[in-house]
Structures are given as structure tokens and as C-alpha cells.
file target30.txt (compact mmCIF, C-alpha atoms and all ligand atoms)
# COMPACT_ATOMS: atom_id res chain seq x y z
CA MET A 1 0.00 0.00 0.00
CA ILE A 2 1.64 3.23 -1.13
CA SER A 3 0.14 6.51 -0.05
CA GLY A 4 1.14 9.97 1.04
CA ASP A 5 1.86 11.96 -2.12
CA ASN A 6 -1.58 13.39 -2.73
CA MET A 7 -2.92 13.77 0.75
CA ILE A 8 -5.83 16.15 1.18
CA LYS A 9 -7.33 16.95 4.57
CA ALA A 10 -10.78 18.52 4.68
CA LYS A 11 -12.94 19.69 7.55
CA CYS A 12 -16.69 20.06 7.31
CA ASN A 13 -19.18 21.18 9.92
CA THR A 14 -22.50 19.54 10.41
CA ASN A 15 -25.85 21.25 10.07
CA ILE A 16 -29.16 21.04 11.84
CA ALA A 17 -32.30 21.39 9.76
CA LEU A 18 -34.78 24.08 10.77
CA VAL A 19 -37.18 22.99 8.03
CA LYS A 20 -36.53 19.28 7.74
CA TYR A 21 -35.86 16.94 4.87
CA TRP A 22 -37.88 13.79 5.41
CA GLY A 23 -38.38 11.49 2.45
CA LYS A 24 -36.79 10.73 -0.90
CA ARG A 25 -38.52 10.88 -4.25
CA ASP A 26 -35.58 8.98 -5.79
CA GLU A 27 -33.64 6.62 -3.56
CA ASN A 28 -30.69 6.10 -5.88
CA LEU A 29 -30.04 9.76 -6.61
CA TYR A 30 -31.02 10.93 -3.12
CA LEU A 31 -33.61 13.36 -4.42
CA PRO A 32 -35.87 14.77 -1.72
CA MET A 33 -39.63 15.10 -1.73
CA THR A 34 -39.35 18.63 -0.35
CA SER A 35 -36.82 21.44 0.06
CA SER A 36 -35.20 22.01 3.46
CA ILE A 37 -33.29 24.75 5.34
CA SER A 38 -30.53 24.31 7.90
CA MET A 39 -28.09 26.05 10.15
CA THR A 40 -24.40 25.04 10.02
CA LEU A 41 -22.84 24.47 13.46
CA LYS A 42 -19.31 25.38 14.49
CA GLU A 43 -18.83 22.83 17.29
CA PHE A 44 -19.70 19.66 15.38
CA TYR A 45 -17.53 18.57 12.48
CA THR A 46 -15.63 15.81 10.71
CA ILE A 47 -12.01 15.93 9.59
CA THR A 48 -11.20 13.57 6.73
CA SER A 49 -7.95 12.78 4.94
CA VAL A 50 -8.03 11.17 1.53
CA ASP A 51 -5.20 9.79 -0.55
CA PHE A 52 -4.71 7.41 -3.45
CA ILE A 53 -3.49 3.93 -2.52
CA ASP A 54 -1.98 1.12 -4.49
CA SER A 55 -4.53 -1.52 -3.49
CA HIS A 56 -7.43 -3.58 -4.86
CA GLU A 57 -9.92 -2.08 -2.42
CA ASP A 58 -10.61 1.28 -0.84
CA ILE A 59 -9.76 1.55 2.84
CA PHE A 60 -12.03 3.37 5.28
CA ILE A 61 -10.82 4.25 8.76
CA LEU A 62 -13.25 5.95 11.15
CA ASP A 63 -12.05 7.31 14.49
CA GLY A 64 -8.91 5.17 14.17
CA ILE A 65 -10.74 1.91 13.46
CA ILE A 66 -10.59 0.14 10.08
CA GLN A 67 -14.22 -0.29 9.03
CA ASN A 68 -15.83 -3.56 7.95
CA GLU A 69 -16.85 -4.50 4.42
CA LYS A 70 -20.38 -3.12 4.73
CA GLU A 71 -19.28 0.36 5.88
CA THR A 72 -16.40 0.44 3.38
CA LYS A 73 -18.75 -0.48 0.52
CA LYS A 74 -20.97 2.52 1.31
CA VAL A 75 -17.96 4.83 1.11
CA SER A 76 -16.65 3.07 -2.04
CA ARG A 77 -19.96 3.62 -3.81
CA PHE A 78 -19.68 7.30 -3.00
CA ILE A 79 -16.06 7.46 -4.23
CA ASP A 80 -17.22 5.74 -7.46
CA ILE A 81 -19.19 8.89 -8.34
CA PHE A 82 -15.96 10.91 -8.24
CA ARG A 83 -13.96 8.18 -10.03
CA GLU A 84 -16.46 8.15 -12.89
CA LYS A 85 -16.64 11.92 -13.12
CA ALA A 86 -12.85 12.23 -13.23
CA ASN A 87 -12.30 9.08 -15.25
CA ILE A 88 -9.63 8.06 -12.77
CA TYR A 89 -10.11 4.63 -11.29
CA LYS A 90 -7.55 4.58 -8.47
CA LYS A 91 -8.39 3.27 -5.01
CA VAL A 92 -8.59 5.64 -2.08
CA LYS A 93 -7.76 5.55 1.61
CA VAL A 94 -10.23 7.55 3.70
CA ASP A 95 -9.25 8.42 7.25
CA SER A 96 -11.97 10.20 9.18
CA ILE A 97 -12.33 11.63 12.65
CA ASN A 98 -15.84 12.54 13.70
CA HIS A 99 -16.35 15.30 16.24
CA VAL A 100 -20.07 14.52 16.29
CA ALA A 101 -21.92 11.73 18.11
CA THR A 102 -22.07 9.30 15.19
CA ALA A 103 -25.58 8.47 14.00
CA ALA A 104 -27.32 9.67 17.17
CA GLY A 105 -29.47 12.12 15.29
CA LEU A 106 -26.78 14.76 15.30
CA ALA A 107 -26.33 14.59 11.57
CA SER A 108 -22.85 13.06 11.62
CA SER A 109 -23.45 11.82 8.08
CA ALA A 110 -23.81 15.42 6.90
CA SER A 111 -20.35 16.49 8.05
CA ALA A 112 -18.86 13.08 7.16
CA TYR A 113 -19.97 13.12 3.54
CA GLY A 114 -19.36 16.88 3.32
CA ALA A 115 -15.71 16.46 4.35
CA LEU A 116 -15.28 13.40 2.13
CA ALA A 117 -16.78 15.21 -0.87
CA GLY A 118 -14.49 18.18 -0.20
CA GLY A 119 -11.40 15.95 -0.09
CA LEU A 120 -12.33 13.89 -3.15
CA ASN A 121 -13.12 17.04 -5.14
CA LEU A 122 -9.44 18.00 -4.95
CA LEU A 123 -7.93 14.50 -4.95
CA PHE A 124 -9.63 13.79 -8.28
CA ASP A 125 -8.84 17.31 -9.53
CA LEU A 126 -12.48 18.12 -10.19
CA ASN A 127 -12.29 21.54 -8.54
CA LEU A 128 -16.07 21.96 -8.46
CA ASN A 129 -17.58 25.00 -6.77
CA MET A 130 -19.69 24.48 -3.62
CA VAL A 131 -23.04 24.45 -5.43
CA GLU A 132 -21.85 21.82 -7.90
CA LEU A 133 -20.14 19.84 -5.14
CA SER A 134 -23.35 19.87 -3.08
CA LYS A 135 -25.00 17.75 -5.79
CA LEU A 136 -22.32 15.08 -5.26
CA ALA A 137 -22.33 15.35 -1.45
CA ARG A 138 -26.08 14.73 -1.67
CA ARG A 139 -25.40 11.23 -3.00
CA GLY A 140 -23.70 10.23 0.26
CA SER A 141 -26.38 11.57 2.57
CA GLY A 142 -29.16 14.03 1.83
CA SER A 143 -28.31 16.33 4.73
CA ALA A 144 -24.69 16.56 3.49
CA THR A 145 -26.01 18.69 0.60
CA ARG A 146 -26.41 21.56 3.08
CA SER A 147 -23.12 21.12 5.00
CA LEU A 148 -20.62 22.61 2.57
CA MET A 149 -21.68 26.19 3.19
CA SER A 150 -21.71 28.40 6.26
CA GLY A 151 -24.70 29.93 8.00
CA PHE A 152 -28.21 29.22 6.77
CA VAL A 153 -28.44 26.94 3.77
CA LYS A 154 -31.34 25.83 1.65
CA TRP A 155 -31.39 22.51 -0.16
CA ASP A 156 -33.55 23.22 -3.16
CA LYS A 157 -35.36 19.99 -3.96
CA GLY A 158 -35.28 20.64 -7.70
CA ILE A 159 -37.67 19.10 -10.16
CA MET A 160 -35.41 17.43 -12.72
CA PRO A 161 -35.44 13.61 -12.70
CA ASN A 162 -31.61 13.47 -12.98
CA GLY A 163 -31.15 15.68 -9.89
CA GLU A 164 -29.11 18.37 -11.66
CA ASP A 165 -31.17 21.10 -9.97
CA SER A 166 -31.27 19.49 -6.51
CA LYS A 167 -28.56 21.55 -4.81
CA ALA A 168 -27.57 23.81 -1.93
CA ILE A 169 -27.95 27.59 -1.87
CA GLN A 170 -26.55 29.78 0.88
CA LEU A 171 -29.27 32.06 2.29
CA ASP A 172 -27.34 34.04 4.90
CA ASN A 173 -23.95 33.78 6.65
CA GLY A 174 -25.69 33.80 10.03
CA TYR A 175 -23.11 35.93 11.81
CA TRP A 176 -25.63 37.66 14.03
CA ASP A 177 -27.48 37.02 17.28
CA ILE A 178 -28.36 33.35 16.85
CA ALA A 179 -26.87 30.15 18.26
CA MET A 180 -27.73 26.61 19.27
CA ALA A 181 -27.48 24.52 22.44
CA VAL A 182 -27.54 20.75 22.12
CA VAL A 183 -28.66 18.51 24.98
CA LEU A 184 -27.35 14.97 24.57
CA ILE A 185 -29.91 12.47 25.78
CA ASP A 186 -28.46 9.32 24.26
CA GLU A 187 -25.37 8.95 22.11
CA GLU A 188 -25.97 5.33 21.12
CA LYS A 189 -26.25 4.58 17.41
CA LYS A 190 -29.91 4.78 16.45
CA LYS A 191 -31.78 1.55 15.86
CA ILE A 192 -33.61 2.69 12.73
CA SER A 193 -31.57 4.62 10.16
CA SER A 194 -33.05 7.80 8.73
CA THR A 195 -33.15 6.19 5.27
CA GLU A 196 -35.20 3.26 6.53
CA ALA A 197 -37.44 5.47 8.66
CA MET A 198 -38.15 7.84 5.77
CA LYS A 199 -39.07 4.94 3.51
CA ARG A 200 -41.42 3.41 6.05
CA THR A 201 -43.05 6.78 6.71
CA ILE A 202 -43.71 7.42 3.02
CA GLU A 203 -45.07 3.93 2.47
CA THR A 204 -47.28 3.63 5.54
CA SER A 205 -48.03 6.93 7.29
CA PRO A 206 -51.37 8.58 6.53
CA PHE A 207 -49.85 11.86 7.73
CA TYR A 208 -47.06 11.99 5.16
CA GLU A 209 -49.12 13.77 2.55
CA GLY A 210 -50.05 16.52 5.00
CA TRP A 211 -46.37 16.99 5.78
CA VAL A 212 -45.43 17.42 2.12
CA ASN A 213 -48.33 19.81 1.51
CA GLU A 214 -47.16 22.29 4.17
CA GLN A 215 -43.42 22.18 3.48
CA GLU A 216 -43.29 24.87 0.80
CA LEU A 217 -45.10 27.33 3.08
CA ASP A 218 -42.70 26.57 5.96
CA ILE A 219 -39.78 27.12 3.57
CA LEU A 220 -41.11 30.50 2.41
CA GLN A 221 -41.81 31.67 5.96
CA MET A 222 -38.42 30.46 7.19
CA GLU A 223 -36.63 32.29 4.37
CA ARG A 224 -38.42 35.49 5.34
CA ALA A 225 -37.67 35.01 9.06
CA ILE A 226 -33.96 34.47 8.31
CA LYS A 227 -33.87 37.57 6.13
CA ASN A 228 -35.43 39.56 8.99
CA ARG A 229 -33.04 37.97 11.52
CA ASP A 230 -36.11 37.18 13.61
CA VAL A 231 -34.98 34.48 16.06
CA ASP A 232 -38.48 34.00 17.52
CA LYS A 233 -40.03 33.47 14.10
CA ILE A 234 -37.20 31.12 13.05
CA GLY A 235 -37.61 29.14 16.27
CA LYS A 236 -41.40 28.95 16.09
CA ILE A 237 -41.40 27.65 12.51
CA ALA A 238 -38.56 25.20 13.27
CA GLU A 239 -40.20 23.82 16.41
CA ARG A 240 -43.51 23.12 14.69
CA ASN A 241 -41.77 21.74 11.62
CA ALA A 242 -39.86 19.21 13.75
CA LEU A 243 -43.03 18.14 15.56
CA LYS A 244 -44.84 17.69 12.25
CA MET A 245 -41.99 15.50 10.97
CA HIS A 246 -42.12 13.33 14.07
CA ALA A 247 -45.92 13.14 13.77
CA THR A 248 -45.55 11.53 10.34
CA MET A 249 -43.35 8.88 11.96
CA LEU A 250 -45.81 8.26 14.80
CA GLY A 251 -48.36 7.42 12.11
CA ALA A 252 -46.07 4.91 10.37
CA LYS A 253 -46.65 1.17 10.56
CA PRO A 254 -45.00 0.05 12.77
CA PRO A 255 -44.55 3.48 14.38
CA ILE A 256 -41.13 5.08 14.67
CA ILE A 257 -40.45 6.85 17.94
CA TYR A 258 -37.08 8.52 18.35
CA PHE A 259 -38.07 10.49 21.45
CA GLN A 260 -37.01 9.31 24.88
CA GLU A 261 -38.03 10.50 28.35
CA GLY A 262 -35.14 12.96 28.37
CA THR A 263 -36.33 14.43 25.07
CA PHE A 264 -39.66 15.40 26.65
CA LYS A 265 -37.87 16.74 29.70
CA VAL A 266 -35.85 19.17 27.57
CA MET A 267 -38.97 20.19 25.62
CA ARG A 268 -40.73 21.11 28.88
CA ILE A 269 -37.70 23.06 30.16
CA VAL A 270 -37.55 25.01 26.89
CA GLU A 271 -41.25 25.87 27.15
CA THR A 272 -40.83 27.00 30.76
CA LEU A 273 -37.80 29.18 30.01
CA ARG A 274 -39.77 30.72 27.18
CA GLU A 275 -42.45 31.72 29.67
CA TYR A 276 -39.69 33.52 31.61
CA GLY A 277 -38.96 35.62 28.52
CA PHE A 278 -36.05 33.82 26.85
CA SER A 279 -36.17 33.29 23.08
CA LEU A 280 -35.58 29.57 22.75
CA TYR A 281 -37.13 26.76 20.71
CA TYR A 282 -36.45 23.05 20.27
CA THR A 283 -35.92 20.82 17.27
CA MET A 284 -35.24 17.06 17.09
CA ASP A 285 -34.00 14.86 14.26
CA ALA A 286 -33.81 11.10 13.82
CA GLY A 287 -32.72 10.60 17.42
CA PRO A 288 -33.58 11.60 21.00
CA ASN A 289 -31.17 14.54 21.33
CA VAL A 290 -32.61 18.03 21.48
CA LYS A 291 -31.20 21.06 19.72
CA ILE A 292 -32.23 24.43 21.08
CA ILE A 293 -32.36 27.46 18.81
CA CYS A 294 -31.70 30.65 20.77
CA LYS A 295 -30.08 34.08 20.75
CA LYS A 296 -26.29 34.06 20.99
CA SER A 297 -26.59 36.86 23.56
CA GLU A 298 -28.72 34.59 25.80
CA LEU A 299 -26.68 31.42 25.29
CA ASP A 300 -24.67 31.63 28.55
CA LEU A 301 -27.78 32.18 30.66
CA ILE A 302 -29.64 29.36 28.92
CA GLU A 303 -26.66 27.04 29.42
CA LYS A 304 -26.68 27.84 33.16
CA GLU A 305 -30.39 27.04 33.35
CA LEU A 306 -29.90 23.73 31.53
CA GLU A 307 -27.05 22.82 33.89
CA LYS A 308 -29.59 22.75 36.71
CA TYR A 309 -31.11 19.65 35.08
CA PHE A 310 -28.33 18.05 33.01
CA SER A 311 -24.64 17.47 33.61
CA LYS A 312 -22.24 19.88 31.91
CA ASP A 313 -20.84 17.23 29.54
CA LYS A 314 -24.32 16.64 28.09
CA ILE A 315 -24.74 20.26 27.03
CA ILE A 316 -22.86 21.60 24.04
CA THR A 317 -23.35 25.12 22.80
CA SER A 318 -22.46 26.27 19.35
CA GLU A 319 -22.34 29.33 17.22
CA ILE A 320 -22.98 29.29 13.51
CA GLY A 321 -20.19 27.52 11.68
CA SER A 322 -18.42 27.67 8.38
CA GLY A 323 -18.98 24.86 5.92
CA LEU A 324 -16.17 23.10 4.13
CA GLU A 325 -12.54 24.01 4.79
CA ILE A 326 -9.44 22.49 3.23
CA LEU A 327 -6.86 22.06 5.98
CA TYR A 328 -4.11 20.47 3.93
CA ASP A 329 -3.43 19.92 0.24
CA ASP A 330 -0.33 17.97 -0.74
CA ARG A 331 -1.05 17.12 -4.35
CA SER A 332 2.25 16.59 -6.08
O1 LIG B 1 -29.46 12.83 5.28
P1 LIG B 1 -29.86 11.92 6.38
O2 LIG B 1 -30.09 10.53 5.94
O3 LIG B 1 -28.90 12.02 7.54
O4 LIG B 1 -31.29 12.41 6.92
C1 LIG B 1 -31.47 13.58 7.65
C2 LIG B 1 -32.82 13.66 8.21
C3 LIG B 1 -33.03 14.68 9.31
O5 LIG B 1 -31.86 14.93 10.01
C4 LIG B 1 -34.06 14.13 10.28
C5 LIG B 1 -33.59 15.98 8.75
C6 LIG B 1 -32.63 16.88 8.02
O6 LIG B 1 -33.12 17.63 7.16
O7 LIG B 1 -31.43 16.88 8.30
call {"tool": "encode", "arguments": {"input": "target30.txt", "output": "C-alpha cells"}}
result
Amino acid sequence: MISGDNMIKAKCNTNIALVKYWGKRDENLYLPMTSSISMTLKEFYTITSVDFIDSHEDIFILDGIIQNEKETKKVSRFIDIFREKANIYKKVKVDSINHVATAAGLASSASAYGALAGGLNLLFDLNLNMVELSKLARRGSGSATRSLMSGFVKWDKGIMPNGEDSKAIQLDNGYWDIAMAVVLIDEEKKKISSTEAMKRTIETSPFYEGWVNEQELDILQMERAIKNRDVDKIGKIAERNALKMHATMLGAKPPIIYFQEGTFKVMRIVETLREYGFSLYYTMDAGPNVKIICKKSELDLIEKELEKYFSKDKIITSEIGSGLEILYDDRS
């Protein structure tokens, strides 16, 4: 195995959706049923090194552990997209460190595929811009589409069957009075993957249609709220949007419930603090952890309040983050 001459190291932050993506219209091309909007987070990210190797197979190392055939295959299929585009069929070594609780509903796949896409873009000399690259990142994980850019990002669902118009658009850099606090309830890998849960929801939930019907309105209102830098509006739309997404899952057969007791506890605390005058709202993804949208200027106070109920190591606060960054480029 020879490697080391073309090493690229990329860092990508994760994002949390404020208007969620839930459901694919094309499972192979990862085309969504609806558009979505997210916020990129500074504190959660993946750093990935990629390099060509003289080997028959790709190698995938995650957090220092060589991954099994199943996990490596997933990554290889993603690398194939870049190999075909570049017409270079070399094998690749991927070495990734995740600074996100992997697969616990904290969107680790978004930063993981974002960083990998960023590295492969240079390794294969494609040099695509972020919008073009978002279409490739999408093929690893839908939420990765939105992770390459900083601030608030929209994933436009597009309408073309080949997915050429299903891409990310930056709405706002987000460097104003907004932040997020994450309360970790359970960091175990989730039992039902988001892909499987989406599929089951579409196929069996009577509420799915209602969800799709309201998404465009939520998108429009969220875009306006972001433009106006209105944290309360952003939070209100995001909170209801998350609850609507989970409602579609409760109606699935068999039902999918990602919430745990701790999830409800945080929701109640958020509601109570809101009564005391703080601007804070919750959102939950495919896992029990709760993300709290709030004002950056109130973040310290909110953190202190949360510490009354949860231990310090379970609370992570974050400002808005940048998207993809290239940390190292050693192409010879
Ligand atoms: O892209 P995936 O498979 O990680 O799915 C993401 C789904 C949600 O996190 C629940 C919503 C979203 O838009 O990120």
C-alpha cells in the first residue's frame, strides 16, 4: 500500500435542519420530496484525509478503526461517483475523525460526507464550486447537501429527474445574534436509520401527505424570518416543523419513535424558560437529542439554566459555523 503523495485533509461542519428533509422521491439519486433549510454548526464537524493507494480495495478508517466491508462499501460507492466523473479509477484511503456523536441524530453523516466530498473534489482534480459539489455530497447523505456552506443553507429539492437542480444555496452567513445549544440524551447509534425510517413513513403513514403539503409554506416563511433575523419566528417555525416530521413517523406502521423521556424533559424546560422571557425553541432529528435554537446573547444564561437539570458534559453550545474548509493539500 503506497500513499502519502496526494494527501488532502478537509474539515466540514455539520448542520441542523430548521425545516426538515424527510423522504426521498428517488432513492438512488437521493432526491428529496421537499426542500429544506438548515443552520451550520461550528462545534460539530468531521475531519477527513483522503489519498490514493496502491490496493485492490478502498480503505475506510473511522475514528482510528478500520471499518468492515459493509461500511467500506458505502464509502466506495460514493467514491465511485468521483472516479467516474474524473475518469480516474484509483483506489482511495479515507481516514476520518468525527467530532459529532455518530448516528445519534446529530447529523454526523452530513459532516462526514461533506468532508469526504471536499477531499475527493481535490484529490480527483475536479475543482467543483460548492453548489456543484453539493450535488455530489447529496449522493452520500441528503443532509450533506447543506453542510458545505456556512450559515443558513437551503437545499432546493429541484424538479429534474436526474437531480441536476437538486442543490444547496446559501441564504445568509448567520453571523448575528443566533446560536444553538444541544442537549445529549443518548449517544448510542440509532436503531432505525433515517433512510429506513423515511421509507417506512412514506409507504405507511397517513400523515405523510399533509407533511409534504405544508413544506413549501414553511420554507417561504423560514426564508423570510432568516432575512429579517427574527430568532423567535425562526424558532417557532422550526419547532412546529420538527413536531410535524415526528408526527408523520408516529403514524407509520409500525410506528417510529425517536423520542425518549429525556427528550420530553428538555422540551418542557424550553417551554418554561420561554415563559420567563427567553427566546428559545427546540428541534429534534432522527434521534432523542434536542437542539435548542436561541439568541447568541442569551446562550450563557440558557446554558446555566440547563445545567440545573443536566450534567455539563451533556450540554454543548455552538455558534454558527463555516462549511467546508481544506486544511491540507499535498497534491504533487
Ligand atoms: O441525510 P440523512 O439521511 O442524515 O437524513 C437527515 C434527516 C433529518 O436529520 C431528520 C432531517 C434533516 O433535514 O437533516
call {"tool": "residues_near_point", "arguments": {"input": "target30.txt", "point": "(-10.6, 22.4, 4.1)", "cutoff": "6 Å", "atoms": "all atoms listed in the file", "output": "PDB file with C-alpha atoms, in the frame of the given file"}}
result
ATOM      1  CA  ALA A  10     -10.780  18.520   4.680  1.00  0.00           C
ATOM      2  CA  LYS A  11     -12.940  19.690   7.550  1.00  0.00           C
ATOM      3  CA  LEU A 324     -16.170  23.100   4.130  1.00  0.00           C
ATOM      4  CA  GLU A 325     -12.540  24.010   4.790  1.00  0.00           C
ATOM      5  CA  ILE A 326      -9.440  22.490   3.230  1.00  0.00           C
ATOM      6  CA  LEU A 327      -6.860  22.060   5.980  1.00  0.00           C
TER       7      LEU A 327
END
call {"tool": "residues_around", "arguments": {"input": "target30.txt", "residues": "stretch 316-322 of chain A", "least_positions_apart": "2", "cutoff": "7 Å", "atoms": "only C-alpha atoms", "output": "mmCIF file with C-alpha atoms, in the frame of the given file"}}
result
data_model
loop_
_atom_site.group_PDB
_atom_site.id
_atom_site.type_symbol
_atom_site.label_atom_id
_atom_site.label_comp_id
_atom_site.auth_asym_id
_atom_site.auth_seq_id
_atom_site.Cartn_x
_atom_site.Cartn_y
_atom_site.Cartn_z
ATOM 1 C CA ASN A 13 -19.180 21.180 9.920
ATOM 2 C CA MET A 39 -28.090 26.050 10.150
ATOM 3 C CA THR A 40 -24.400 25.040 10.020
ATOM 4 C CA LEU A 41 -22.840 24.470 13.460
ATOM 5 C CA LYS A 42 -19.310 25.380 14.490
ATOM 6 C CA GLU A 43 -18.830 22.830 17.290
ATOM 7 C CA MET A 149 -21.680 26.190 3.190
ATOM 8 C CA SER A 150 -21.710 28.400 6.260
ATOM 9 C CA GLY A 151 -24.700 29.930 8.000
ATOM 10 C CA GLY A 174 -25.690 33.800 10.030
ATOM 11 C CA TYR A 175 -23.110 35.930 11.810
ATOM 12 C CA ALA A 179 -26.870 30.150 18.260
ATOM 13 C CA MET A 180 -27.730 26.610 19.270
ATOM 14 C CA ALA A 181 -27.480 24.520 22.440
ATOM 15 C CA VAL A 182 -27.540 20.750 22.120
ATOM 16 C CA VAL A 183 -28.660 18.510 24.980
ATOM 17 C CA LYS A 314 -24.320 16.640 28.090
ATOM 18 C CA LEU A 324 -16.170 23.100 4.130
#
call {"tool": "residues_near_ligand", "arguments": {"input": "target30.txt", "ligand": "ligand LIG 1 (chain B)", "cutoff": "9 Å", "atoms": "all atoms listed in the file", "output": "VMD selection string"}}
result
chain A and resid 15 to 23 30 35 to 38 103 105 to 110 138 140 to 146 155 193 to 196 198 242 245 to 246 284 to 287
call {"tool": "atom_distance", "arguments": {"input": "target30.txt", "atom1": "atom CA of A:Ile169", "atom2": "atom CA of A:Asp80"}}
result
25.0 Å
call {"tool": "atom_distance", "arguments": {"input": "target30.txt", "atom1": "atom CA of A:Phe60", "atom2": "atom CA of A:Glu84"}}
result
19.3 Å
call {"tool": "atom_distance", "arguments": {"input": "target30.txt", "atom1": "atom CA of A:Leu148", "atom2": "atom CA of A:Glu298"}}
result
27.4 Å
call {"tool": "residues_around", "arguments": {"input": "target30.txt", "residues": "A:Lys93", "least_positions_apart": "5", "cutoff": "12 Å", "atoms": "all atoms listed in the file", "output": "PDB file with C-alpha atoms, in the frame of the given file"}}
result
ATOM      1  CA  MET A   1       0.000   0.000   0.000  1.00  0.00           C
ATOM      2  CA  ILE A   2       1.640   3.230  -1.130  1.00  0.00           C
ATOM      3  CA  SER A   3       0.140   6.510  -0.050  1.00  0.00           C
ATOM      4  CA  GLY A   4       1.140   9.970   1.040  1.00  0.00           C
ATOM      5  CA  ASN A   6      -1.580  13.390  -2.730  1.00  0.00           C
ATOM      6  CA  MET A   7      -2.920  13.770   0.750  1.00  0.00           C
ATOM      7  CA  ILE A   8      -5.830  16.150   1.180  1.00  0.00           C
ATOM      8  CA  LYS A   9      -7.330  16.950   4.570  1.00  0.00           C
ATOM      9  CA  THR A  48     -11.200  13.570   6.730  1.00  0.00           C
ATOM     10  CA  SER A  49      -7.950  12.780   4.940  1.00  0.00           C
ATOM     11  CA  VAL A  50      -8.030  11.170   1.530  1.00  0.00           C
ATOM     12  CA  ASP A  51      -5.200   9.790  -0.550  1.00  0.00           C
ATOM     13  CA  PHE A  52      -4.710   7.410  -3.450  1.00  0.00           C
ATOM     14  CA  ILE A  53      -3.490   3.930  -2.520  1.00  0.00           C
ATOM     15  CA  ASP A  54      -1.980   1.120  -4.490  1.00  0.00           C
ATOM     16  CA  SER A  55      -4.530  -1.520  -3.490  1.00  0.00           C
ATOM     17  CA  HIS A  56      -7.430  -3.580  -4.860  1.00  0.00           C
ATOM     18  CA  GLU A  57      -9.920  -2.080  -2.420  1.00  0.00           C
ATOM     19  CA  ASP A  58     -10.610   1.280  -0.840  1.00  0.00           C
ATOM     20  CA  ILE A  59      -9.760   1.550   2.840  1.00  0.00           C
ATOM     21  CA  PHE A  60     -12.030   3.370   5.280  1.00  0.00           C
ATOM     22  CA  ILE A  61     -10.820   4.250   8.760  1.00  0.00           C
ATOM     23  CA  LEU A  62     -13.250   5.950  11.150  1.00  0.00           C
ATOM     24  CA  ILE A  66     -10.590   0.140  10.080  1.00  0.00           C
ATOM     25  CA  GLN A  67     -14.220  -0.290   9.030  1.00  0.00           C
ATOM     26  CA  THR A  72     -16.400   0.440   3.380  1.00  0.00           C
ATOM     27  CA  VAL A  75     -17.960   4.830   1.110  1.00  0.00           C
ATOM     28  CA  SER A  76     -16.650   3.070  -2.040  1.00  0.00           C
ATOM     29  CA  ILE A  79     -16.060   7.460  -4.230  1.00  0.00           C
ATOM     30  CA  LEU A 116     -15.280  13.400   2.130  1.00  0.00           C
ATOM     31  CA  GLY A 119     -11.400  15.950  -0.090  1.00  0.00           C
ATOM     32  CA  LEU A 120     -12.330  13.890  -3.150  1.00  0.00           C
ATOM     33  CA  LEU A 123      -7.930  14.500  -4.950  1.00  0.00           C
TER      34      LEU A 123
END
call {"tool": "residues_near_point", "arguments": {"input": "target30.txt", "point": "(-10.2, 14.0, -11.1)", "cutoff": "8 Å", "atoms": "only C-alpha atoms", "output": "number ranges by chain"}}
result
A: 82-83, 85-88, 121-126
